[in-house]
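Source file: coords.txt. Holds: compact mmCIF, C-alpha atoms and all ligand atoms.
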# COMPACT_ATOMS: atom_id res chain seq x y z
CA MET A 585 -17.21 26.71 18.17
CA THR A 586 -17.26 30.51 18.07
CA ALA A 587 -17.16 32.29 21.44
CA VAL A 588 -19.33 35.42 21.47
CA ALA A 589 -19.53 38.39 23.85
CA VAL A 590 -22.89 40.17 23.57
CA LEU A 591 -22.58 43.71 24.88
CA GLY A 592 -25.90 45.54 25.19
CA SER A 593 -27.59 42.16 25.56
CA THR A 594 -30.77 43.55 27.13
CA GLY A 595 -31.66 45.88 24.26
CA SER A 596 -33.42 45.43 20.96
CA ILE A 597 -30.35 44.22 19.02
CA GLY A 598 -28.96 42.31 22.03
CA THR A 599 -32.13 40.27 22.58
CA GLN A 600 -32.46 39.53 18.85
CA ALA A 601 -28.82 38.42 18.80
CA LEU A 602 -29.47 36.04 21.69
CA ASP A 603 -32.44 34.73 19.72
CA VAL A 604 -30.09 33.90 16.83
CA LEU A 605 -27.51 32.37 19.18
CA ARG A 606 -30.13 30.37 21.10
CA GLY A 607 -30.99 28.49 17.91
CA HIS A 608 -27.35 27.60 17.15
CA ARG A 609 -25.72 26.40 20.34
CA ASP A 610 -23.80 23.87 18.28
CA ARG A 611 -21.94 26.75 16.55
CA TYR A 612 -21.86 29.53 19.11
CA ASP A 613 -21.00 29.75 22.78
CA VAL A 614 -22.06 32.93 24.61
CA VAL A 615 -19.16 33.62 27.01
CA ALA A 616 -19.83 37.22 28.16
CA LEU A 617 -22.80 39.56 28.50
CA ALA A 618 -23.13 43.23 29.35
CA ALA A 619 -26.08 45.55 29.89
CA GLY A 620 -26.55 49.08 31.13
CA ARG A 621 -28.87 48.86 34.15
CA ASN A 622 -31.31 46.02 33.53
CA THR A 623 -29.93 43.61 36.14
CA GLU A 624 -33.03 41.44 36.13
CA LEU A 625 -33.00 40.54 32.43
CA LEU A 626 -29.21 40.23 32.46
CA ALA A 627 -29.43 37.63 35.26
CA VAL A 628 -32.03 35.64 33.30
CA GLN A 629 -29.82 35.72 30.19
CA ALA A 630 -26.70 34.72 32.15
CA ALA A 631 -28.53 31.76 33.67
CA GLU A 632 -29.89 30.63 30.31
CA PHE A 633 -26.52 30.77 28.52
CA GLY A 634 -24.41 29.64 31.50
CA VAL A 635 -22.36 32.86 31.66
CA PRO A 636 -20.57 33.27 35.04
CA ALA A 637 -21.44 36.32 37.16
CA ASP A 638 -18.07 38.06 36.66
CA ARG A 639 -18.69 37.96 32.90
CA ALA A 640 -22.30 39.20 33.01
CA ILE A 641 -22.10 42.80 34.10
CA CYS A 642 -24.13 45.99 34.22
CA ALA A 643 -21.73 48.61 32.89
CA ALA A 644 -23.73 51.84 32.99
CA ASP A 645 -21.40 53.19 35.69
CA GLU A 646 -18.19 51.42 34.70
CA PRO A 647 -17.73 51.55 30.89
CA GLU A 648 -14.10 50.33 31.11
CA ARG A 649 -15.51 46.90 32.05
CA LEU A 650 -16.94 46.73 28.52
CA ALA A 651 -13.42 46.97 27.08
CA GLU A 652 -12.24 44.19 29.43
CA LEU A 653 -15.03 41.85 28.36
CA ALA A 654 -14.43 42.68 24.68
CA ALA A 655 -10.75 41.80 25.01
CA LEU A 656 -11.10 38.50 26.93
CA ASP A 657 -8.70 35.89 25.56
CA ASP A 658 -11.36 33.30 24.85
CA VAL A 659 -13.70 35.69 22.96
CA ASP A 660 -13.76 35.37 19.16
CA VAL A 661 -16.59 37.74 18.24
CA VAL A 662 -17.77 40.85 20.09
CA LEU A 663 -21.27 42.04 19.27
CA ASN A 664 -21.38 45.68 20.29
CA ALA A 665 -25.08 46.49 20.71
CA VAL A 666 -24.68 49.17 23.37
CA VAL A 667 -26.50 52.38 22.49
CA GLY A 668 -24.67 55.69 22.09
CA PHE A 669 -21.17 56.95 22.85
CA ALA A 670 -21.07 54.57 25.84
CA GLY A 671 -20.24 51.83 23.32
CA LEU A 672 -16.84 53.31 22.42
CA PRO A 673 -14.75 51.34 24.97
CA ALA A 674 -16.22 48.09 23.66
CA THR A 675 -15.38 48.98 20.05
CA LEU A 676 -11.81 49.95 20.91
CA GLY A 677 -11.31 47.02 23.31
CA ALA A 678 -12.42 44.50 20.69
CA LEU A 679 -10.34 45.94 17.85
CA ARG A 680 -7.21 46.46 19.93
CA ALA A 681 -7.41 42.81 20.97
CA GLY A 682 -7.74 41.72 17.34
CA LYS A 683 -11.31 40.40 17.61
CA ARG A 684 -14.06 40.33 15.06
CA LEU A 685 -16.35 43.23 15.95
CA ALA A 686 -19.98 42.78 14.91
CA LEU A 687 -20.84 46.45 15.11
CA ALA A 688 -24.35 47.72 15.82
CA ASN A 689 -23.10 50.64 17.91
CA LYS A 690 -22.61 53.08 15.04
CA GLU A 691 -22.05 56.01 17.41
CA SER A 692 -18.57 54.77 18.41
CA LEU A 693 -17.44 54.64 14.80
CA ILE A 694 -18.94 58.02 13.98
CA ALA A 695 -17.60 59.85 17.02
CA ALA A 696 -14.14 58.34 16.97
CA GLY A 697 -13.55 57.33 13.33
CA PRO A 698 -9.79 58.03 13.16
CA VAL A 699 -9.14 56.49 16.61
CA VAL A 700 -11.18 53.41 15.75
CA ALA A 701 -9.32 53.14 12.43
CA LYS A 702 -5.99 53.11 14.30
CA ALA A 703 -7.20 50.44 16.74
CA HIS A 704 -8.45 48.47 13.75
CA SER A 705 -5.15 48.53 11.86
CA HIS A 706 -2.87 48.11 14.90
CA GLY A 707 -4.90 45.37 16.59
CA GLY A 708 -5.61 43.48 13.40
CA GLY A 709 -9.30 43.05 14.25
CA GLU A 710 -12.16 43.03 11.80
CA ILE A 711 -15.36 45.08 11.66
CA VAL A 712 -18.51 43.53 10.23
CA PRO A 713 -21.50 45.87 10.25
CA VAL A 714 -24.79 44.94 11.89
CA ASP A 715 -26.70 47.99 10.71
CA SER A 716 -28.99 46.58 8.02
CA GLU A 717 -27.99 49.21 5.43
CA HIS A 718 -24.26 48.61 5.90
CA SER A 719 -24.75 44.87 5.99
CA ALA A 720 -26.50 45.26 2.64
CA ILE A 721 -23.58 47.27 1.27
CA TYR A 722 -21.12 44.71 2.69
CA GLN A 723 -23.02 42.02 0.77
CA ALA A 724 -23.45 44.03 -2.45
CA LEU A 725 -19.74 44.92 -2.52
CA ARG A 726 -18.98 41.27 -3.17
CA ALA A 727 -20.27 41.84 -6.71
CA GLY A 728 -17.31 43.97 -7.87
CA ARG A 729 -13.87 45.34 -7.07
CA PRO A 730 -13.36 48.33 -4.74
CA SER A 731 -12.05 50.38 -7.69
CA GLU A 732 -15.29 49.66 -9.56
CA VAL A 733 -17.58 51.24 -6.94
CA ALA A 734 -19.19 54.44 -8.24
CA ARG A 735 -21.72 55.13 -5.51
CA ILE A 736 -23.29 53.73 -2.39
CA VAL A 737 -27.02 54.26 -1.84
CA LEU A 738 -28.46 53.94 1.65
CA THR A 739 -32.20 53.47 1.91
CA ALA A 740 -34.29 55.15 4.61
CA SER A 741 -37.81 54.15 5.58
CA GLY A 742 -38.57 57.84 6.03
CA GLY A 743 -39.86 57.14 9.55
CA PRO A 744 -43.29 58.08 10.90
CA PHE A 745 -43.22 61.63 9.52
CA ARG A 746 -42.45 60.91 5.87
CA GLY A 747 -44.32 63.32 3.60
CA ARG A 748 -44.94 65.94 6.28
CA SER A 749 -43.88 69.54 5.77
CA ARG A 750 -41.83 71.48 8.30
CA ALA A 751 -44.96 73.32 9.49
CA GLU A 752 -46.74 70.01 10.04
CA LEU A 753 -43.84 68.80 12.18
CA GLU A 754 -44.04 71.65 14.67
CA HIS A 755 -46.27 69.91 17.21
CA VAL A 756 -45.48 66.21 16.80
CA THR A 757 -45.31 64.32 20.10
CA VAL A 758 -42.91 61.77 21.58
CA ALA A 759 -45.51 59.03 21.01
CA ASP A 760 -45.84 60.07 17.35
CA ALA A 761 -42.06 59.96 16.88
CA LEU A 762 -41.73 56.55 18.59
CA ALA A 763 -44.31 54.98 16.25
CA HIS A 764 -41.89 53.70 13.59
CA PRO A 765 -43.72 52.19 10.63
CA THR A 766 -41.38 49.27 9.79
CA TRP A 767 -38.77 48.63 12.52
CA GLU A 768 -39.09 47.98 16.26
CA MET A 769 -35.96 49.43 17.84
CA GLY A 770 -34.66 51.14 20.98
CA ALA A 771 -35.96 54.65 21.73
CA LYS A 772 -32.85 56.59 20.70
CA ILE A 773 -32.51 55.10 17.21
CA THR A 774 -36.29 55.33 16.71
CA ILE A 775 -36.18 59.08 17.33
CA ASP A 776 -33.06 59.32 15.12
CA SER A 777 -35.05 57.58 12.38
CA SER A 778 -37.88 60.08 12.71
CA THR A 779 -35.47 63.02 12.22
CA LEU A 780 -33.34 61.26 9.55
CA MET A 781 -30.35 61.80 11.86
CA ASN A 782 -30.06 58.02 11.86
CA LYS A 783 -29.53 58.13 8.09
CA GLY A 784 -27.08 60.99 8.48
CA LEU A 785 -25.11 58.99 11.05
CA GLU A 786 -25.20 56.06 8.65
CA VAL A 787 -23.73 58.20 5.86
CA ILE A 788 -20.74 58.89 8.13
CA GLU A 789 -20.67 55.21 9.14
CA ALA A 790 -20.52 54.22 5.44
CA HIS A 791 -17.65 56.64 4.87
CA GLU A 792 -15.73 55.11 7.80
CA LEU A 793 -16.52 51.48 7.00
CA PHE A 794 -16.09 51.45 3.24
CA GLY A 795 -13.68 54.32 2.62
CA VAL A 796 -16.04 56.12 0.23
CA ALA A 797 -16.13 59.91 -0.16
CA PHE A 798 -19.24 61.76 1.03
CA ASP A 799 -20.09 62.67 -2.57
CA GLN A 800 -20.32 58.94 -3.27
CA VAL A 801 -22.94 58.23 -0.60
CA ASP A 802 -26.58 58.97 -1.43
CA VAL A 803 -29.77 58.51 0.52
CA VAL A 804 -33.07 57.47 -0.97
CA VAL A 805 -36.34 57.07 0.91
CA HIS A 806 -37.88 53.62 0.52
CA PRO A 807 -40.88 53.23 2.85
CA GLN A 808 -41.21 49.43 2.56
CA SER A 809 -37.72 48.82 4.08
CA VAL A 810 -37.13 45.82 1.82
CA VAL A 811 -34.16 47.14 -0.16
CA HIS A 812 -31.61 47.84 2.57
CA GLY A 813 -28.74 49.24 0.55
CA MET A 814 -27.34 49.37 -2.97
CA VAL A 815 -23.97 49.68 -4.63
CA GLU A 816 -23.73 51.28 -8.05
CA PHE A 817 -20.70 50.13 -10.02
CA THR A 818 -18.77 52.06 -12.67
CA ASP A 819 -20.54 50.24 -15.53
CA GLY A 820 -23.94 51.48 -14.31
CA ALA A 821 -25.00 48.22 -12.65
CA THR A 822 -26.68 48.61 -9.27
CA VAL A 823 -26.53 45.62 -6.92
CA ALA A 824 -28.96 45.63 -3.99
CA GLN A 825 -29.74 43.41 -1.01
CA LEU A 826 -33.41 42.75 -0.31
CA SER A 827 -35.18 41.06 2.60
CA MET A 828 -38.17 41.79 4.80
CA PRO A 829 -37.23 43.92 7.83
CA ASP A 830 -35.65 41.49 10.31
CA MET A 831 -32.46 42.47 12.12
CA ARG A 832 -31.61 38.83 12.79
CA LEU A 833 -30.35 38.55 9.21
CA PRO A 834 -27.58 41.18 9.49
CA ILE A 835 -26.83 40.07 13.07
CA ALA A 836 -26.38 36.43 11.98
CA LEU A 837 -24.26 37.45 9.01
CA ALA A 838 -22.02 39.64 11.17
CA LEU A 839 -21.49 36.77 13.60
CA GLY A 840 -20.65 34.17 10.96
CA ALA A 841 -19.47 36.08 7.85
CA PRO A 842 -18.56 35.29 5.20
CA ASP A 843 -20.75 32.24 5.85
CA ARG A 844 -24.48 32.70 5.57
CA HIS A 845 -26.83 31.37 8.21
CA PRO A 846 -28.96 28.31 7.54
CA ASP A 847 -32.16 30.01 8.83
CA PRO A 848 -34.01 32.36 6.47
CA TYR A 849 -34.62 35.61 8.33
CA GLY A 850 -36.95 37.89 6.40
CA ALA A 851 -37.12 35.92 3.15
CA ILE A 852 -39.51 37.62 0.73
CA ASP A 853 -42.93 36.26 -0.12
CA TRP A 854 -43.39 37.66 -3.63
CA SER A 855 -47.07 36.81 -3.64
CA ALA A 856 -47.56 39.29 -0.80
CA LEU A 857 -44.99 41.94 -1.73
CA HIS A 858 -46.09 43.89 -4.78
CA THR A 859 -44.72 47.40 -4.58
CA LEU A 860 -41.35 48.91 -3.87
CA THR A 861 -41.20 52.69 -4.06
CA PHE A 862 -38.36 55.20 -3.88
CA GLU A 863 -38.29 58.97 -3.40
CA LEU A 864 -35.78 61.63 -2.48
CA PRO A 865 -35.62 62.81 1.15
CA ASP A 866 -37.13 66.19 2.04
CA ARG A 867 -33.98 67.93 3.26
CA ASP A 868 -35.83 71.08 4.45
CA ALA A 869 -38.18 69.24 6.77
CA PHE A 870 -35.52 66.75 7.90
CA ARG A 871 -32.52 69.01 8.44
CA CYS A 872 -30.51 66.49 10.46
CA LEU A 873 -29.51 64.67 7.28
CA ASP A 874 -27.56 67.62 5.90
CA LEU A 875 -26.18 68.50 9.34
CA ALA A 876 -24.63 65.04 9.38
CA TYR A 877 -23.23 65.37 5.85
CA ALA A 878 -21.69 68.71 6.86
CA ALA A 879 -20.15 67.26 10.04
CA GLY A 880 -18.82 64.29 8.10
CA ARG A 881 -17.21 66.53 5.51
CA ALA A 882 -15.76 68.79 8.23
CA ALA A 883 -14.16 65.63 9.71
CA GLY A 884 -11.93 65.83 12.84
CA THR A 885 -14.12 66.01 15.94
CA ALA A 886 -17.17 67.39 14.08
CA PRO A 887 -18.86 63.96 13.82
CA ALA A 888 -18.23 63.43 17.57
CA VAL A 889 -19.80 66.82 18.28
CA LEU A 890 -22.77 66.02 16.03
CA SER A 891 -23.36 62.65 17.67
CA ALA A 892 -22.99 63.92 21.25
CA ALA A 893 -25.23 66.95 20.68
CA ASN A 894 -27.80 64.70 19.07
CA GLU A 895 -27.75 62.26 22.01
CA VAL A 896 -28.40 65.10 24.45
CA ALA A 897 -31.09 66.67 22.24
CA VAL A 898 -32.88 63.33 21.77
CA GLU A 899 -32.87 62.76 25.54
CA ALA A 900 -34.34 66.25 26.01
CA PHE A 901 -37.02 65.55 23.41
CA LEU A 902 -37.88 62.21 25.07
CA ALA A 903 -38.10 64.08 28.40
CA ARG A 904 -40.50 66.51 26.66
CA ARG A 905 -38.17 69.44 27.28
CA ILE A 906 -37.75 70.46 23.64
CA PRO A 907 -39.97 70.02 20.59
CA TRP A 908 -39.08 67.61 17.81
CA LEU A 909 -37.91 70.42 15.52
CA GLY A 910 -35.65 71.59 18.35
CA ILE A 911 -33.42 68.51 17.94
CA ALA A 912 -31.96 69.84 14.66
CA ASP A 913 -31.76 73.38 16.08
CA VAL A 914 -29.73 72.23 19.09
CA VAL A 915 -27.39 70.09 16.98
CA GLU A 916 -26.85 72.90 14.48
CA GLU A 917 -26.03 75.42 17.20
CA VAL A 918 -23.57 73.08 18.92
CA LEU A 919 -21.87 72.35 15.59
CA GLN A 920 -21.33 76.08 15.06
CA SER A 921 -18.85 76.11 17.94
CA GLY A 922 -16.50 74.19 15.63
CA GLY A 923 -14.34 71.13 16.00
CA GLY A 924 -10.68 70.19 16.04
CA ALA A 925 -8.39 67.29 15.31
CA ALA A 926 -9.55 63.82 16.39
CA ASP A 927 -6.16 62.11 16.43
CA THR A 928 -6.35 60.68 19.93
CA LEU A 929 -8.96 59.21 22.24
CA ASP A 930 -8.52 62.24 24.51
CA ASP A 931 -9.43 64.56 21.61
CA VAL A 932 -12.64 62.60 21.09
CA LEU A 933 -13.52 62.38 24.79
CA ASP A 934 -12.91 66.10 25.18
CA ALA A 935 -15.03 66.97 22.12
CA ASP A 936 -17.80 64.71 23.39
CA ARG A 937 -17.75 66.29 26.86
CA ARG A 938 -17.78 69.84 25.50
CA ALA A 939 -20.54 69.15 23.00
CA ARG A 940 -22.72 67.61 25.69
CA ALA A 941 -22.20 70.59 27.98
CA ARG A 942 -22.93 73.02 25.18
CA ALA A 943 -26.07 71.13 24.11
CA ALA A 944 -27.29 71.02 27.71
CA ALA A 945 -26.74 74.78 28.08
CA ILE A 946 -28.62 75.51 24.85
CA ILE A 947 -31.50 73.30 25.97
CA ASP A 948 -31.58 75.02 29.40
CA ARG A 949 -31.69 78.42 27.69
CA ARG A 950 -34.49 77.33 25.35
CA THR A 951 -36.60 75.86 28.15
CA LEU A 952 -36.29 78.78 30.60
N1 LIG B 1 -32.58 48.26 17.12
C1 LIG B 1 -32.24 48.16 15.85
O1 LIG B 1 -32.98 47.59 15.05
C2 LIG B 1 -30.94 48.74 15.37
C3 LIG B 1 -30.65 48.70 14.00
C4 LIG B 1 -29.42 49.18 13.56
C5 LIG B 1 -28.51 49.68 14.46
N2 LIG B 1 -28.82 49.74 15.78
C6 LIG B 1 -27.83 50.30 16.70
O2 LIG B 1 -27.59 49.34 17.72
C7 LIG B 1 -27.30 50.00 18.95
C8 LIG B 1 -28.29 49.48 20.00
O3 LIG B 1 -29.60 49.85 19.59
P1 LIG B 1 -30.89 49.23 20.29
O4 LIG B 1 -32.03 49.64 19.44
O5 LIG B 1 -30.67 47.76 20.56
O6 LIG B 1 -30.91 50.04 21.66
P2 LIG B 1 -31.66 49.69 23.02
O7 LIG B 1 -32.80 48.76 22.77
O8 LIG B 1 -31.91 50.97 23.70
O9 LIG B 1 -30.56 48.85 23.83
C9 LIG B 1 -29.37 49.43 24.24
C10 LIG B 1 -28.53 48.46 25.02
O10 LIG B 1 -27.38 49.17 25.50
C11 LIG B 1 -27.29 48.98 26.92
N3 LIG B 1 -26.65 50.16 27.50
C12 LIG B 1 -27.11 51.42 27.57
N4 LIG B 1 -26.20 52.23 28.17
C13 LIG B 1 -25.14 51.43 28.49
C14 LIG B 1 -23.91 51.67 29.12
N5 LIG B 1 -23.55 52.88 29.57
N6 LIG B 1 -23.06 50.63 29.27
C15 LIG B 1 -23.40 49.38 28.83
N7 LIG B 1 -24.57 49.11 28.22
C16 LIG B 1 -25.43 50.13 28.06
C17 LIG B 1 -28.72 48.80 27.35
O11 LIG B 1 -28.76 48.21 28.65
P3 LIG B 1 -30.00 48.40 29.69
O12 LIG B 1 -31.25 48.29 28.90
O13 LIG B 1 -29.76 47.27 30.62
O14 LIG B 1 -29.84 49.72 30.32
C18 LIG B 1 -29.22 47.88 26.26
O15 LIG B 1 -28.78 46.57 26.47
C19 LIG B 1 -27.44 51.50 18.69
O16 LIG B 1 -26.18 52.04 18.43
C20 LIG B 1 -28.30 51.55 17.42
O17 LIG B 1 -28.03 52.71 16.65
C21 LIG B 1 -30.01 49.29 16.25
What does this structure look like when you write it as structure tokens?
Ligand SMILES: NC(=O)c1ccc[n+]([C@@H]2O[C@H](COP(=O)([O-])OP(=O)(O)OC[C@H]3O[C@@H](n4cnc5c(N)ncnc54)[C@H](OP(=O)(O)O)[C@@H]3O)[C@@H](O)[C@H]2O)c1
Amino acid sequence: MTAVAVLGSTGSIGTQALDVLRGHRDRYDVVALAAGRNTELLAVQAAEFGVPADRAICAADEPERLAELAALDDVDVVLNAVVGFAGLPATLGALRAGKRLALANKESLIAAGPVVAKAHSHGGGEIVPVDSEHSAIYQALRAGRPSEVARIVLTASGGPFRGRSRAELEHVTVADALAHPTWEMGAKITIDSSTLMNKGLEVIEAHELFGVAFDQVDVVVHPQSVVHGMVEFTDGATVAQLSMPDMRLPIALALGAPDRHPDPYGAIDWSALHTLTFELPDRDAFRCLDLAYAAGRAAGTAPAVLSAANEVAVEAFLARRIPWLGIADVVEEVLQSGGGAADTLDDVLDADRRARARAAAIIDRRTL
């Protein structure tokens, strides 16, 4: 029996994870749950899975409780499905305690890469990615040796604004940006998908997870979201993972890897699927992609600054305070203030705090 803590249980990934776990009570025992503020749904989940009240908590105002749950002695696997920087204590708590971390919360890895890497090596834990692209890479990497990897290719659906020019993006609305063509996800990642910041964050995530240089990570737009990621090997072979868009597949794999789940999530019906297309991203219209590459290459606290500024800018866009194009402008301006070393958790927390304050000031100035 594998004991699982589901952190961020009330969100899109959290509820899909509970769907997977609900079908396999013979293999998995849900022993802890955490949400942000949705007490009602959390109580329903706790009752269904028999999780005691002191292990089913709303952590929006007490993030250190996430680390405590992640490190509980009887937990084997921690699914971190909290959104944003708030997920960092859960990532660190799980790795320091030597747990398997099924990681959906990419922001913690991006903002605190070197600190997470230390917790990973000292605690002896394991990270298995939940992000569909990184799960695909994790699977494709089984086809060769690390020294044989030439390039990693992350696919992007292109989001709702694929094919639009910069001028056409000037007046897009929040509703337009939330209308993702292939995935149903939480609001923050849906907006990140519309700007391609999500893909940029994933480029940094791939660098952190798989130890590849930024020059070895490419992005290709693939609107059908069937090919989730590819690894090109030194002999020219490209190995890809394909499935219909269904996050339960990478969630189930992260929980049970290297074993595969008995249920087919998103198996392809080849009589219905006829066309897979690929194109290069439009880097002028979707500037967030290159901002993320630049922050990743700058290293240190630059990825933390990027991620924090983006979180604040996305919130401001969702609150209709800045236009969609303003998200990249705010992030770019915050990044110009530079970064520093990210050797300790304090470095990262400080960079995050400063970047948020700077982003908020820029947004205030723009909206006056
Ligand atoms: N959705 C996807 O398909 C998908 C795919 C790949 C990766 N991801 C990644 O997975 C993560 C979650 O995404 P999502 O789409 O599931 O987001 P979501 O639907 O917005 O859910 C976020 C979850 O985090 C909880 N939360 C928010 N702030 C918190 C805090 N301060 N402390 C504890 N919990 C908090 C929320 O609780 P309340 O609702 O109770 O406030 C909710 O359970 C993100 O990092 C995202 O990038 C998502």
Exercise. Using only C-alpha atoms, which of A:Gln808, A:Pro848, A:Cys642, A:Glu895 sits nearest A:Lys772?
Worked result: A:Glu895
Exercise. Residues within 9 Å of ligand LIG 1 (chain B) (only C-alpha atoms and all ligand atoms), as number ranges by chain?
Worked result: A: 591-600, 618-626, 641-647, 649-650, 664-671, 674, 687-692, 714-717, 767-774, 776, 782, 785, 830-831
Seminar exercise, completed: What separates atom CA of A:Pro829 and atom CA of A:Gly850 is a distance of 6.2 Å
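Using only C-alpha atoms, the contacts of A:Ala651 at a cut-off of 10 Å, with sequence neighbours closer than 5 positions omitted, comprise A:Leu591, A:Leu656, A:Gly671, A:Leu672, A:Pro673, A:Ala674, A:Thr675, A:Leu676, A:Gly677, A:Ala678, A:Leu679, A:Arg680, A:Ala681.
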Long-range neighbours of A:Asp657 as a CSV table (one decimal) with C-alpha atoms, in the coordinates of the input, 10 Å cut-off, all atoms listed in the file, 3 positions minimum in chain:
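And here's around_26.csv as it stands now:
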chain,number,residue,atom,x,y,z
A,652,GLU,CA,-12.2,44.2,29.4
A,653,LEU,CA,-15.0,41.8,28.4
A,654,ALA,CA,-14.4,42.7,24.7
A,660,ASP,CA,-13.8,35.4,19.2
A,681,ALA,CA,-7.4,42.8,21.0
A,683,LYS,CA,-11.3,40.4,17.6
Exercise. Neighbours of stretch 855-861 of chain A within 9 Å (only C-alpha atoms; same-chain residues fewer than 5 positions away dropped), as a VMD selection string?
Worked result: chain A and resid 805 to 811
Kindly list the centre and edge lengths in Å, rounded to one decimal, for the axis-aligned box that covers all listed atoms of stretch 684-694 of chain A plus 5 Å on each of its six sides, as AutoDock Vina command-line options.
--center_x -19.2 --center_y 49.2 --center_z 16.2 --size_x 20.3 --size_y 27.7 --size_z 14.4
Exercise. Hey, can you check how far atom CA of A:Gly784 sits from atom CA of A:Glu732?
Worked result: 24.3 Å
Please list as an mmCIF file with C-alpha atoms, in the coordinates of the input every residue within 12 Å of A:Gly634, counting only C-alpha atoms and excluding residues in the same chain fewer than 5 positions away.
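Done, and the output landed in result31.cif:
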data_model
loop_
_atom_site.group_PDB
_atom_site.id
_atom_site.type_symbol
_atom_site.label_atom_id
_atom_site.label_comp_id
_atom_site.auth_asym_id
_atom_site.auth_seq_id
_atom_site.Cartn_x
_atom_site.Cartn_y
_atom_site.Cartn_z
ATOM 1 C CA ARG A 606 -30.130 30.370 21.100
ATOM 2 C CA ARG A 609 -25.720 26.400 20.340
ATOM 3 C CA ASP A 613 -21.000 29.750 22.780
ATOM 4 C CA VAL A 614 -22.060 32.930 24.610
ATOM 5 C CA VAL A 615 -19.160 33.620 27.010
ATOM 6 C CA ALA A 616 -19.830 37.220 28.160
ATOM 7 C CA LEU A 617 -22.800 39.560 28.500
ATOM 8 C CA LEU A 626 -29.210 40.230 32.460
ATOM 9 C CA ALA A 627 -29.430 37.630 35.260
ATOM 10 C CA VAL A 628 -32.030 35.640 33.300
ATOM 11 C CA GLN A 629 -29.820 35.720 30.190
ATOM 12 C CA ARG A 639 -18.690 37.960 32.900
ATOM 13 C CA ALA A 640 -22.300 39.200 33.010
#
For the contact check between stretch 850-947 of chain A and stretch 693-713 of chain A, emit one row per residue of stretch 850-947 of chain A within 10 Å, containing the shortest atom pair and the distance in Å rounded to one decimal, counting only C-alpha atoms, chain then rising number order, as a Markdown table.
| residue | atom | partner | partner_atom | distance |
| --- | --- | --- | --- | --- |
| A:Gly880 | CA | A:Ile694 | CA | 8.6 |
| A:Ala883 | CA | A:Gly697 | CA | 9.1 |
| A:Gly884 | CA | A:Pro698 | CA | 8.1 |
| A:Thr885 | CA | A:Ala695 | CA | 7.2 |
| A:Ala886 | CA | A:Ala695 | CA | 8.1 |
| A:Pro887 | CA | A:Ala695 | CA | 5.4 |
| A:Ala888 | CA | A:Ala695 | CA | 3.7 |
| A:Val889 | CA | A:Ala695 | CA | 7.4 |
| A:Leu890 | CA | A:Ala695 | CA | 8.1 |
| A:Ser891 | CA | A:Ala695 | CA | 6.4 |
| A:Ala892 | CA | A:Ala695 | CA | 8.0 |
| A:Ala925 | CA | A:Pro698 | CA | 9.6 |
| A:Ala926 | CA | A:Pro698 | CA | 6.6 |
| A:Asp927 | CA | A:Val699 | CA | 6.4 |
| A:Thr928 | CA | A:Val699 | CA | 6.0 |
| A:Leu929 | CA | A:Val699 | CA | 6.3 |
| A:Asp930 | CA | A:Val699 | CA | 9.8 |
| A:Asp931 | CA | A:Ala696 | CA | 9.1 |
| A:Val932 | CA | A:Ala696 | CA | 6.1 |
| A:Leu933 | CA | A:Ala696 | CA | 8.8 |
| A:Ala935 | CA | A:Ala695 | CA | 9.1 |
| A:Asp936 | CA | A:Ala695 | CA | 8.0 |
Problem set entry | Selection as an NGL selection string: residues within 9 Å of (-25.7, 64.1, 11.9), counting only C-alpha atoms | :A and (780-788 or 872-880 or 887 or 890-891 or 894 or 912 or 915)
List as a PDB file with C-alpha atoms, in the frame of the given file the protein and nucleic acid residues near A:Ile775, meaning an atom at most 8 Å away when all atoms listed in the file are counted, but skip any in the same chain fewer than 5 places from it.
ATOM      1  CA  ALA A 761     -42.060  59.960  16.880  1.00  0.00           C
ATOM      2  CA  LEU A 762     -41.730  56.550  18.590  1.00  0.00           C
ATOM      3  CA  VAL A 898     -32.880  63.330  21.770  1.00  0.00           C
TER       4      VAL A 898
END
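The coordinates place atom CA of A:Val661 at 26.8 Å from atom CA of A:Val815.
With all atoms listed in the file as the basis for measurement, A:Arg867 is the residue among A:Arg867, A:His608, A:His812, A:Arg726 that approaches A:Arg750 most closely.
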Exercise. Which residue, A:Val662, A:Val804, A:Glu752, A:Arg844, has the smallest gap to A:Arg684 when you use all atoms listed in the file?
Worked result: A:Val662
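Residue nearest A:Asp819, chosen from A:Arg949, A:Arg735, A:Arg611, A:His755 and counting all atoms listed in the file: A:Arg735.
When all atoms listed in the file are used to compute distances to A:Pro730, the closest of the residues A:Gly813, A:Gly923, A:Gly682, A:Gly795 turns out to be A:Gly795.
Candidate residues A:Leu605, A:Ala637, A:Thr822, A:Val756 were compared for distance to A:Ala724, and the nearest is A:Thr822, using all atoms listed in the file.
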